[in-house]
Amino acid sequence: MVMTLLQLLNDRVKAALALAGAPDAQAIVQQAAKPEFGDYQANGVMGAAKQLKKNPRELAQEVINHLDLQGIASEVSIAGPGFINIRLDNGFLAARAAEALKDPSLSVKADHPQTVVVDLSSPNLAKEMHVGHLRSTIIGDALARTLTFLGHNVIRQNHVGDWGTQFGMLTAYLIESGNEQNPAHALEDLEDFYRRAKVRFDEDAAFADRAREYVVKLQGGDEQVLALWRQFVEISLSHCEEVYKELGVDLTRKDVMGESAYNPALPGIVAELKAKGLLTEDAGAQVAFLDEFKNKDGEPAVYIVQKQDGGYLYSTTDLAAARYRADVLKANRALYVVDARQGLHFQQMFTLARKAGFVPADMQLEHVAFGTMMGDDGKPFKTRSGGTVKLAELLIEAEERAFALVSEKNQDLSEAERRTIAKAVGIGAVKYADLSKHRTSDYIFNWDTMLAFEGNTAPYLQYAYTRIQSLFRKAGLPEAHQPIVIAEPAEHALALVLAQFPDAVDSVSREACPHFMCAYLYQVATQFMRFYEACPVLKGAVETQQSRLQLCQLTANTLKTGLGLLGIEVLDTM
RNA sequence: GCGGCAGUAGCUCAGUUGGAUAGAGCAGUGACCUUCUAAGUCACCGGUCGGGGGUUCGACUCCCUCCUGUCGCGCCA
């Protein structure tokens, strides 16, 4: 396979450093800080010179003397205290573009395919999906798509909350409200049903007792209660699927592996932990003391795996899930796309799972943490009345707002066309607003900025794509295998950023950070817009037109593929 | 109390393993549509990178300390 640009340049500079007498030095190649410096810069010489006690500029010269970038760079120079600046050759960039144009995967391929589990979405089936589930769902979906694109064997796991005390309450209320025979109707509004059940639970001790009784029956395998529970889960799951479909998220029944699935494994988990001497009985509960998390006074952290009443906790379930992912799914890497607030829990769970031998040492366990979605006031995002925002309603609002804007911008289109555009734009805007921020920080949800359609937003990228499609409508697609000629600075800049796609995909996969892809695609769109202004595509000689049309096509392929990895659609017109 | 995360332009955010004069977008000001979709492009304006120490040839980045915010810390998930 073709190496990414960064891999290629790092390799070559490192080889030259070795020949110049610094075999252990890092090349540290990165994109140039400023266009005047070139396209890339190698920063490794300064550190190497220090170790060898040499003059950095002299060492830089020696490195350049040994640096083989024949056919790759057009200019290599020393600058400042010992930077090596590299400008890529136009012919090289043209060749890279031609290659990517032939390849549906745009020259992207993983070095070592792995089996990767992505734990994502995981809503609580007792309630309706709300905005709190949005980030896990779309960040997880983007990561799963990206890893799949790289050639990894990706297994999505929707660890839905389908077990526990709430379900006793809900089945009890289903019977009490006389909806046992026709639960679908009663559960039309899941949120409302849950609220009413909760009110009964809180105000009527007899009902609360009955609810607890149903929990015991449920866990004891009582057929009548189990049947009701199954119906409840079924209906709730189909609600989720509607949302996934609307959201354009690739999640189905086959990805569901709920908490209840691990129920039979829980006694074994505790027994095995006990057998390995990892548990202590403390106040009647089974707990693991973890020295890895002890505080300054030397007291270890406590991790409870079984309550004093014998019940299990999500800690137990998560251990069982980790073991399942290792033993049954044979995962090399498991990503847990879960709220950052559960960070401590996961660090403890990972530690205990390894100590117990539930997951092998060479299996990566990563908590892909993300921050909270905030409102304009900087507090967690709520409705005006302070309630949780239902995800389904949020998506409807996104499409409505987008429809209003599309209608305003483009009155000529039919309503059906505007609806189609509004859906791709509205959903894309919601997803992109989230994905474009670093996942670990909290972010402020604001309709106006995400639908402003200016700057680093989904519509800006979608618009760049439609401009290209418009060119194709006028001139047709470029003919295959025509020469690509890079001459103008705007062409060079565009071809350069297009050649960086494999590096962008790689960084998303490595860091589990989709915002790298967003930042990259924004660069692509920006460079394309500049190219579009500076280099008329349809007006020059036939050769120029064919060359530029090919750059346009690769730009379109890159935008479509890159946005596709984020779960965002492109449009031919908007 | 202990621990995690965060504090970068008026606002929303980037800043990769320490590198050159800290970058985008929005907002503000000013240019550019008889010319491929102006949902666009260009220019200007805007910063004690929370404060203070330290390490280094070089610190937004690493270490220490303080301030502020936020989240978590034994039987919810």
# chains A, B, ... in the order shown; residues from 1 in each chain; ligands from 1
>>> residues_around(residues="G54 of chain B", least_positions_apart="4", cutoff="12 Å", atoms="only C-alpha atoms (C1' of nucleotides)", output="MDAnalysis selection string")
chainID B and resid 59 62:65
>>> write_last_selection(atoms="C-alpha atoms (C1' of nucleotides)", output="mmCIF file, in the first residue's frame")
data_model
loop_
_atom_site.group_PDB
_atom_site.id
_atom_site.type_symbol
_atom_site.label_atom_id
_atom_site.label_comp_id
_atom_site.auth_asym_id
_atom_site.auth_seq_id
_atom_site.Cartn_x
_atom_site.Cartn_y
_atom_site.Cartn_z
ATOM 1 C "C1'" A B 59 6.556 26.265 26.731
ATOM 2 C "C1'" C B 62 6.051 19.348 30.599
ATOM 3 C "C1'" C B 63 6.643 20.034 36.440
ATOM 4 C "C1'" C B 64 5.110 22.779 41.083
ATOM 5 C "C1'" U B 65 1.686 26.168 43.327
#
>>> closest_atom_pairs(of="chain B", to="chain A", cutoff="9 Å", atoms="only C-alpha atoms (C1' of nucleotides)", output="Markdown table")
| residue | atom | partner | partner_atom | distance |
| --- | --- | --- | --- | --- |
| B:C2 | C1' | A:Asn295 | CA | 6.5 |
| B:G3 | C1' | A:Asn295 | CA | 8.0 |
| B:G4 | C1' | A:Leu344 | CA | 7.6 |
| B:C5 | C1' | A:Ser441 | CA | 8.0 |
| B:A6 | C1' | A:Ser441 | CA | 7.3 |
| B:U12 | C1' | A:Thr449 | CA | 7.8 |
| B:C13 | C1' | A:Lys437 | CA | 7.1 |
| B:A14 | C1' | A:Ala519 | CA | 8.0 |
| B:U16 | C1' | A:Ser507 | CA | 8.4 |
| B:U17 | C1' | A:Ile28 | CA | 7.5 |
| B:G19 | C1' | A:Asn43 | CA | 6.7 |
| B:A20 | C1' | A:Gly80 | CA | 6.6 |
| B:A24 | C1' | A:Asn456 | CA | 8.2 |
| B:G25 | C1' | A:Gly455 | CA | 4.7 |
| B:C26 | C1' | A:Thr449 | CA | 7.7 |
| B:C36 | C1' | A:Leu471 | CA | 6.0 |
| B:U37 | C1' | A:Arg467 | CA | 6.0 |
| B:A39 | C1' | A:Phe453 | CA | 5.8 |
| B:G40 | C1' | A:Met529 | CA | 7.2 |
| B:U41 | C1' | A:Glu533 | CA | 6.5 |
| B:C57 | C1' | A:Pro81 | CA | 8.6 |
| B:C71 | C1' | A:Arg341 | CA | 5.9 |
| B:G72 | C1' | A:Arg341 | CA | 6.3 |
| B:C73 | C1' | A:Leu344 | CA | 8.5 |
| B:G74 | C1' | A:Ile304 | CA | 6.6 |
| B:C75 | C1' | A:Lys307 | CA | 4.8 |
| B:C76 | C1' | A:Leu313 | CA | 8.7 |
| B:A77 | C1' | A:Tyr314 | CA | 6.4 |
>>> select_by_dssp(residues="segment 104-239 of chain A", states="helix (DSSP H, G or I)", output="ChimeraX atom specification")
/A:131-149,165-176,183-186,190-203,205-220,223-239
>>> residues_around(residues="His66 of chain A", least_positions_apart="6", cutoff="12 Å", atoms="only C-alpha atoms (C1' of nucleotides)", output="PDB file with N, CA, C and O atoms, in the first residue's frame")
ATOM      1  N   ARG A  12      11.759   9.160   5.477  1.00  0.00           N
ATOM      2  CA  ARG A  12      12.894   9.676   4.708  1.00  0.00           C
ATOM      3  C   ARG A  12      13.801  10.564   5.568  1.00  0.00           C
ATOM      4  O   ARG A  12      15.026  10.481   5.493  1.00  0.00           O
ATOM      5  N   VAL A  13      13.199  11.404   6.378  1.00  0.00           N
ATOM      6  CA  VAL A  13      14.012  12.300   7.210  1.00  0.00           C
ATOM      7  C   VAL A  13      14.744  11.498   8.286  1.00  0.00           C
ATOM      8  O   VAL A  13      15.914  11.762   8.588  1.00  0.00           O
ATOM      9  N   LYS A  14      14.055  10.484   8.812  1.00  0.00           N
ATOM     10  CA  LYS A  14      14.708   9.666   9.833  1.00  0.00           C
ATOM     11  C   LYS A  14      15.916   8.928   9.249  1.00  0.00           C
ATOM     12  O   LYS A  14      16.970   8.845   9.893  1.00  0.00           O
ATOM     13  N   ALA A  15      15.744   8.429   8.038  1.00  0.00           N
ATOM     14  CA  ALA A  15      16.856   7.750   7.370  1.00  0.00           C
ATOM     15  C   ALA A  15      18.031   8.711   7.175  1.00  0.00           C
ATOM     16  O   ALA A  15      19.197   8.353   7.391  1.00  0.00           O
ATOM     17  N   ALA A  16      17.724   9.931   6.794  1.00  0.00           N
ATOM     18  CA  ALA A  16      18.779  10.927   6.570  1.00  0.00           C
ATOM     19  C   ALA A  16      19.462  11.303   7.885  1.00  0.00           C
ATOM     20  O   ALA A  16      20.687  11.482   7.942  1.00  0.00           O
ATOM     21  N   LEU A  17      18.671  11.378   8.955  1.00  0.00           N
ATOM     22  CA  LEU A  17      19.246  11.667  10.275  1.00  0.00           C
ATOM     23  C   LEU A  17      20.229  10.567  10.665  1.00  0.00           C
ATOM     24  O   LEU A  17      21.314  10.842  11.194  1.00  0.00           O
ATOM     25  N   ALA A  18      19.849   9.323  10.377  1.00  0.00           N
ATOM     26  CA  ALA A  18      20.717   8.192  10.711  1.00  0.00           C
ATOM     27  C   ALA A  18      22.037   8.307   9.941  1.00  0.00           C
ATOM     28  O   ALA A  18      23.119   8.125  10.506  1.00  0.00           O
ATOM     29  N   LEU A  19      21.919   8.620   8.666  1.00  0.00           N
ATOM     30  CA  LEU A  19      23.123   8.752   7.839  1.00  0.00           C
ATOM     31  C   LEU A  19      23.978   9.937   8.274  1.00  0.00           C
ATOM     32  O   LEU A  19      25.193   9.956   8.069  1.00  0.00           O
ATOM     33  N   ALA A  20      23.349  10.910   8.890  1.00  0.00           N
ATOM     34  CA  ALA A  20      24.087  12.084   9.349  1.00  0.00           C
ATOM     35  C   ALA A  20      24.640  11.870  10.760  1.00  0.00           C
ATOM     36  O   ALA A  20      25.154  12.804  11.380  1.00  0.00           O
ATOM     37  N   GLY A  21      24.480  10.653  11.290  1.00  0.00           N
ATOM     38  CA  GLY A  21      25.077  10.327  12.576  1.00  0.00           C
ATOM     39  C   GLY A  21      24.140  10.429  13.756  1.00  0.00           C
ATOM     40  O   GLY A  21      24.571  10.432  14.905  1.00  0.00           O
ATOM     41  N   ALA A  22      22.817  10.481  13.491  1.00  0.00           N
ATOM     42  CA  ALA A  22      21.851  10.547  14.590  1.00  0.00           C
ATOM     43  C   ALA A  22      20.803   9.455  14.403  1.00  0.00           C
ATOM     44  O   ALA A  22      19.642   9.736  14.091  1.00  0.00           O
ATOM     45  N   LEU A  59      24.204  20.395  11.337  1.00  0.00           N
ATOM     46  CA  LEU A  59      23.610  19.060  11.273  1.00  0.00           C
ATOM     47  C   LEU A  59      22.474  19.041  10.260  1.00  0.00           C
ATOM     48  O   LEU A  59      22.330  18.089   9.488  1.00  0.00           O
ATOM     49  N   ALA A  60      21.689  20.099  10.259  1.00  0.00           N
ATOM     50  CA  ALA A  60      20.583  20.190   9.301  1.00  0.00           C
ATOM     51  C   ALA A  60      21.110  20.083   7.876  1.00  0.00           C
ATOM     52  O   ALA A  60      20.520  19.398   7.029  1.00  0.00           O
ATOM     53  N   VAL A  76      13.934  21.935  -0.560  1.00  0.00           N
ATOM     54  CA  VAL A  76      14.237  21.585   0.818  1.00  0.00           C
ATOM     55  C   VAL A  76      15.222  22.622   1.325  1.00  0.00           C
ATOM     56  O   VAL A  76      16.241  22.869   0.691  1.00  0.00           O
TER      57      VAL A  76
END
>>> atom_distance(atom1="atom C1' of U21 of chain B", atom2="atom C1' of C60 of chain B")
15.1 Å
>>> closest_residue(among="A:Val542, A:Ile138, A:Val508, A:Leu106", to="Asp119 of chain A", atoms="only C-alpha atoms")
A:Ile138
>>> select_by_dssp(residues="segment 41-79 of chain A", states="strand (DSSP E or B)", output="PyMOL selection string")
chain A and resi 41-42+73-79
>>> write_last_selection(atoms="all heavy atoms", output="mmCIF file, in the first residue's frame")
data_model
loop_
_atom_site.group_PDB
_atom_site.id
_atom_site.type_symbol
_atom_site.label_atom_id
_atom_site.label_comp_id
_atom_site.auth_asym_id
_atom_site.auth_seq_id
_atom_site.Cartn_x
_atom_site.Cartn_y
_atom_site.Cartn_z
ATOM 1 N N GLN A 41 7.448 20.651 7.654
ATOM 2 C CA GLN A 41 8.695 21.001 8.323
ATOM 3 C C GLN A 41 9.124 19.833 9.195
ATOM 4 O O GLN A 41 8.288 19.145 9.779
ATOM 5 C CB GLN A 41 8.526 22.264 9.172
ATOM 6 C CG GLN A 41 7.490 22.167 10.274
ATOM 7 C CD GLN A 41 7.303 23.502 10.987
ATOM 8 O OE1 GLN A 41 6.904 24.488 10.393
ATOM 9 N NE2 GLN A 41 7.600 23.509 12.279
ATOM 10 N N ALA A 42 10.450 19.609 9.261
ATOM 11 C CA ALA A 42 10.993 18.586 10.152
ATOM 12 C C ALA A 42 11.673 19.306 11.306
ATOM 13 O O ALA A 42 12.536 20.155 11.103
ATOM 14 C CB ALA A 42 11.985 17.712 9.400
ATOM 15 N N ALA A 73 9.918 16.099 -3.293
ATOM 16 C CA ALA A 73 9.983 17.508 -2.913
ATOM 17 C C ALA A 73 10.617 18.328 -4.032
ATOM 18 O O ALA A 73 11.497 17.858 -4.753
ATOM 19 C CB ALA A 73 10.786 17.663 -1.634
ATOM 20 N N SER A 74 10.170 19.554 -4.137
ATOM 21 C CA SER A 74 10.760 20.446 -5.130
ATOM 22 C C SER A 74 11.740 21.399 -4.467
ATOM 23 O O SER A 74 12.547 22.026 -5.133
ATOM 24 C CB SER A 74 9.665 21.252 -5.828
ATOM 25 O OG SER A 74 8.960 22.021 -4.875
ATOM 26 N N GLU A 75 11.651 21.475 -3.144
ATOM 27 C CA GLU A 75 12.486 22.443 -2.444
ATOM 28 C C GLU A 75 12.674 21.998 -1.002
ATOM 29 O O GLU A 75 11.708 21.680 -0.312
ATOM 30 C CB GLU A 75 11.784 23.809 -2.473
ATOM 31 C CG GLU A 75 12.685 24.970 -2.154
ATOM 32 C CD GLU A 75 11.870 26.288 -2.103
ATOM 33 O OE1 GLU A 75 10.882 26.403 -2.861
ATOM 34 O OE2 GLU A 75 12.209 27.143 -1.284
ATOM 35 N N VAL A 76 13.934 21.935 -0.560
ATOM 36 C CA VAL A 76 14.237 21.585 0.818
ATOM 37 C C VAL A 76 15.222 22.622 1.325
ATOM 38 O O VAL A 76 16.241 22.869 0.691
ATOM 39 C CB VAL A 76 14.867 20.180 0.918
ATOM 40 C CG1 VAL A 76 15.214 19.847 2.349
ATOM 41 C CG2 VAL A 76 13.925 19.123 0.345
ATOM 42 N N SER A 77 14.921 23.228 2.462
ATOM 43 C CA SER A 77 15.813 24.293 2.924
ATOM 44 C C SER A 77 15.911 24.321 4.441
ATOM 45 O O SER A 77 15.057 23.771 5.145
ATOM 46 C CB SER A 77 15.303 25.641 2.414
ATOM 47 O OG SER A 77 13.976 25.832 2.862
ATOM 48 N N ILE A 78 16.971 24.969 4.917
ATOM 49 C CA ILE A 78 17.159 25.135 6.354
ATOM 50 C C ILE A 78 16.639 26.514 6.739
ATOM 51 O O ILE A 78 16.849 27.484 6.016
ATOM 52 C CB ILE A 78 18.647 25.056 6.724
ATOM 53 C CG1 ILE A 78 19.242 23.738 6.221
ATOM 54 C CG2 ILE A 78 18.843 25.174 8.234
ATOM 55 C CD1 ILE A 78 20.745 23.691 6.345
ATOM 56 N N ALA A 79 15.996 26.586 7.863
ATOM 57 C CA ALA A 79 15.484 27.874 8.311
ATOM 58 C C ALA A 79 15.617 27.972 9.818
ATOM 59 O O ALA A 79 15.644 26.968 10.522
ATOM 60 C CB ALA A 79 14.029 28.033 7.889
#
